[in-house]
Amino acid sequence: MSDIADNTTSDQKQLDELCHLARQMGEAEKNRNQEFFKALLADKLTFRRASGAIVDKETFLTDLRNPANTYETLEQRDVVAHIYENVGVVTLLVQAKGMREGKPFDGVFRNIRVFVREKEKEPQWQLHSWFNVRIP
């Protein structure tokens, strides 16, 4: 697994934080870590699932609790982070296999995640937009 942090206007520490958050998100989703996502997801999150469904923060957390949604595997690679002032964009590939709404799935998915640095929040990087598409 390789991570690339690329930017000319911000320090390496912030880029490393974003790459680390991306990896943590995969583990947290696989392990149904509600507290992690409650803190990380912006209240007005917009998430486009690979199915095309658009979900908000509350729907994401509800889906995370749903026992019909499970992961057998969830691996991330090609993590790339960029920072533009207080906005961080992370792209990565996720290979996942499991069940969604009780139906099996297996595939590789391109993820684009947009974070905003909010200094009064913890963690400071809040996920505002998340786009997920299946790679044929």
# chains A, B, ... in the order shown; residues from 1 in each chain; ligands from 1
>>> residues_around(residues="Asp106 in chain A", least_positions_apart="5", cutoff="7 Å", atoms="only C-alpha atoms", output="list in words")
Ala96, Lys97 and Gly98 of chain A
>>> closest_atom_pairs(of="range 52-103 of chain A", to="range 38-41 of chain A", cutoff="10 Å", atoms="only C-alpha atoms", output="tab-separated table")
residue	atom	partner	partner_atom	distance
A:Asp56	CA	A:Leu41	CA	9.3
A:Lys57	CA	A:Leu41	CA	6.5
A:Glu58	CA	A:Lys38	CA	9.0
A:Phe60	CA	A:Leu41	CA	9.4
A:Leu61	CA	A:Lys38	CA	7.6
>>> write_last_selection(atoms="N, CA and C atoms", output="short mmCIF file (atom, residue, chain, number, x, y, z; two decimals), in the first residue's frame")
data_model
loop_
_atom_site.label_atom_id
_atom_site.label_comp_id
_atom_site.auth_asym_id
_atom_site.auth_seq_id
_atom_site.Cartn_x
_atom_site.Cartn_y
_atom_site.Cartn_z
N ASP A 56 -26.82 11.12 3.69
CA ASP A 56 -26.30 12.13 4.60
C ASP A 56 -25.63 11.43 5.78
N LYS A 57 -25.19 12.21 6.74
CA LYS A 57 -24.48 11.67 7.90
C LYS A 57 -25.33 10.66 8.66
N GLU A 58 -26.57 11.02 8.96
CA GLU A 58 -27.42 10.13 9.76
C GLU A 58 -27.70 8.82 9.04
N PHE A 60 -25.76 7.43 6.76
CA PHE A 60 -24.52 6.66 6.77
C PHE A 60 -24.36 5.92 8.09
N LEU A 61 -24.59 6.62 9.21
CA LEU A 61 -24.43 6.00 10.52
C LEU A 61 -25.47 4.88 10.73
#
>>> select_by_dssp(residues="chain A", states="helix (DSSP H, G or I)", output="ChimeraX atom specification")
/A:12-30,34-40,57-65
>>> residues_around(residues="range 68-77 of chain A", least_positions_apart="2", cutoff="12 Å", atoms="only C-alpha atoms", output="PyMOL selection string")
chain A and resi 1-4+19-32+60-66+79-80+90-111
>>> closest_residue(among="A:Ala42, A:Val55, A:Ala50, A:Ile135", to="Val116 in chain A", atoms="only C-alpha atoms")
A:Ala42
>>> atom_distance(atom1="CA of Gln12 in chain A", atom2="CA of Lys44 in chain A")
27.9 Å
>>> select_by_dssp(residues="chain A", states="strand (DSSP E or B)", output="number ranges by chain")
A: 3-5, 41-48, 54-55, 70-84, 87-100, 103-117, 125-135
>>> write_last_selection(atoms="C-alpha atoms", output="PDB file, in the first residue's frame")
ATOM      1  CA  ASP A   3       0.423   6.768   0.121  1.00  0.00           C
ATOM      2  CA  ILE A   4       1.329   9.905  -1.751  1.00  0.00           C
ATOM      3  CA  ALA A   5       1.060  13.314  -0.196  1.00  0.00           C
ATOM      4  CA  LEU A  41     -18.334  13.304   9.337  1.00  0.00           C
ATOM      5  CA  ALA A  42     -19.536  16.875   8.896  1.00  0.00           C
ATOM      6  CA  ASP A  43     -23.133  17.427   9.937  1.00  0.00           C
ATOM      7  CA  LYS A  44     -24.001  18.273   6.314  1.00  0.00           C
ATOM      8  CA  LEU A  45     -22.101  15.364   4.748  1.00  0.00           C
ATOM      9  CA  THR A  46     -23.020  14.391   1.200  1.00  0.00           C
ATOM     10  CA  PHE A  47     -21.960  10.841   0.295  1.00  0.00           C
ATOM     11  CA  ARG A  48     -22.567   9.290  -3.114  1.00  0.00           C
ATOM     12  CA  ILE A  54     -26.918   9.893  -2.027  1.00  0.00           C
ATOM     13  CA  VAL A  55     -26.800   9.659   1.767  1.00  0.00           C
ATOM     14  CA  THR A  70     -20.844  -6.352   6.412  1.00  0.00           C
ATOM     15  CA  TYR A  71     -17.308  -6.528   5.045  1.00  0.00           C
ATOM     16  CA  GLU A  72     -15.324  -9.682   4.555  1.00  0.00           C
ATOM     17  CA  THR A  73     -12.422  -7.625   3.207  1.00  0.00           C
ATOM     18  CA  LEU A  74     -11.752  -3.916   2.792  1.00  0.00           C
ATOM     19  CA  GLU A  75      -8.323  -2.897   1.520  1.00  0.00           C
ATOM     20  CA  GLN A  76      -7.160   0.563   0.470  1.00  0.00           C
ATOM     21  CA  ARG A  77      -4.364   1.563  -1.890  1.00  0.00           C
ATOM     22  CA  ASP A  78      -3.048   4.400  -4.024  1.00  0.00           C
ATOM     23  CA  VAL A  79      -3.905   7.012  -1.404  1.00  0.00           C
ATOM     24  CA  VAL A  80      -3.134  10.530  -2.675  1.00  0.00           C
ATOM     25  CA  ALA A  81      -3.734  13.735  -0.708  1.00  0.00           C
ATOM     26  CA  HIS A  82      -3.738  17.380  -1.794  1.00  0.00           C
ATOM     27  CA  ILE A  83      -4.376  20.490   0.288  1.00  0.00           C
ATOM     28  CA  TYR A  84      -5.813  23.758  -0.985  1.00  0.00           C
ATOM     29  CA  VAL A  87      -9.593  22.026   2.051  1.00  0.00           C
ATOM     30  CA  GLY A  88      -8.063  18.575   1.718  1.00  0.00           C
ATOM     31  CA  VAL A  89      -8.861  16.203  -1.130  1.00  0.00           C
ATOM     32  CA  VAL A  90      -7.987  12.522  -0.843  1.00  0.00           C
ATOM     33  CA  THR A  91      -8.304  10.011  -3.668  1.00  0.00           C
ATOM     34  CA  LEU A  92      -7.813   6.282  -3.261  1.00  0.00           C
ATOM     35  CA  LEU A  93      -8.858   2.861  -4.465  1.00  0.00           C
ATOM     36  CA  VAL A  94     -10.774   0.528  -2.173  1.00  0.00           C
ATOM     37  CA  GLN A  95     -11.086  -3.180  -2.841  1.00  0.00           C
ATOM     38  CA  ALA A  96     -14.001  -4.555  -0.848  1.00  0.00           C
ATOM     39  CA  LYS A  97     -16.041  -7.707  -0.538  1.00  0.00           C
ATOM     40  CA  GLY A  98     -19.063  -8.197   1.669  1.00  0.00           C
ATOM     41  CA  MET A  99     -22.810  -7.728   1.937  1.00  0.00           C
ATOM     42  CA  ARG A 100     -24.853  -4.567   1.315  1.00  0.00           C
ATOM     43  CA  LYS A 103     -26.766  -8.796  -1.105  1.00  0.00           C
ATOM     44  CA  PRO A 104     -23.176  -9.811  -1.866  1.00  0.00           C
ATOM     45  CA  PHE A 105     -20.781  -7.359  -3.490  1.00  0.00           C
ATOM     46  CA  ASP A 106     -17.157  -7.585  -4.565  1.00  0.00           C
ATOM     47  CA  GLY A 107     -15.229  -4.929  -6.423  1.00  0.00           C
ATOM     48  CA  VAL A 108     -12.756  -2.108  -6.677  1.00  0.00           C
ATOM     49  CA  PHE A 109     -14.046   1.392  -5.979  1.00  0.00           C
ATOM     50  CA  ARG A 110     -12.563   4.850  -6.649  1.00  0.00           C
ATOM     51  CA  ASN A 111     -13.109   7.133  -3.662  1.00  0.00           C
ATOM     52  CA  ILE A 112     -12.801  10.910  -3.650  1.00  0.00           C
ATOM     53  CA  ARG A 113     -13.097  12.489  -0.217  1.00  0.00           C
ATOM     54  CA  VAL A 114     -13.231  16.221   0.489  1.00  0.00           C
ATOM     55  CA  PHE A 115     -12.263  17.377   3.979  1.00  0.00           C
ATOM     56  CA  VAL A 116     -12.451  20.865   5.477  1.00  0.00           C
ATOM     57  CA  ARG A 117     -10.096  21.841   8.283  1.00  0.00           C
ATOM     58  CA  TRP A 125     -10.399  17.567   9.449  1.00  0.00           C
ATOM     59  CA  GLN A 126     -14.137  17.083   8.849  1.00  0.00           C
ATOM     60  CA  LEU A 127     -15.385  15.010   5.900  1.00  0.00           C
ATOM     61  CA  HIS A 128     -17.896  17.096   3.934  1.00  0.00           C
ATOM     62  CA  SER A 129     -18.161  15.224   0.637  1.00  0.00           C
ATOM     63  CA  TRP A 130     -17.466  11.615  -0.328  1.00  0.00           C
ATOM     64  CA  PHE A 131     -17.844  10.194  -3.826  1.00  0.00           C
ATOM     65  CA  ASN A 132     -17.597   6.464  -4.487  1.00  0.00           C
ATOM     66  CA  VAL A 133     -17.767   4.742  -7.890  1.00  0.00           C
ATOM     67  CA  ARG A 134     -17.174   1.140  -8.928  1.00  0.00           C
ATOM     68  CA  ILE A 135     -14.203   0.614 -11.256  1.00  0.00           C
TER      69      ILE A 135
END
>>> atom_distance(atom1="CA of Lys13 in chain A", atom2="CA of Gln34 in chain A")
26.1 Å
>>> atom_distance(atom1="CA of Phe36 in chain A", atom2="CA of Lys121 in chain A")
13.3 Å
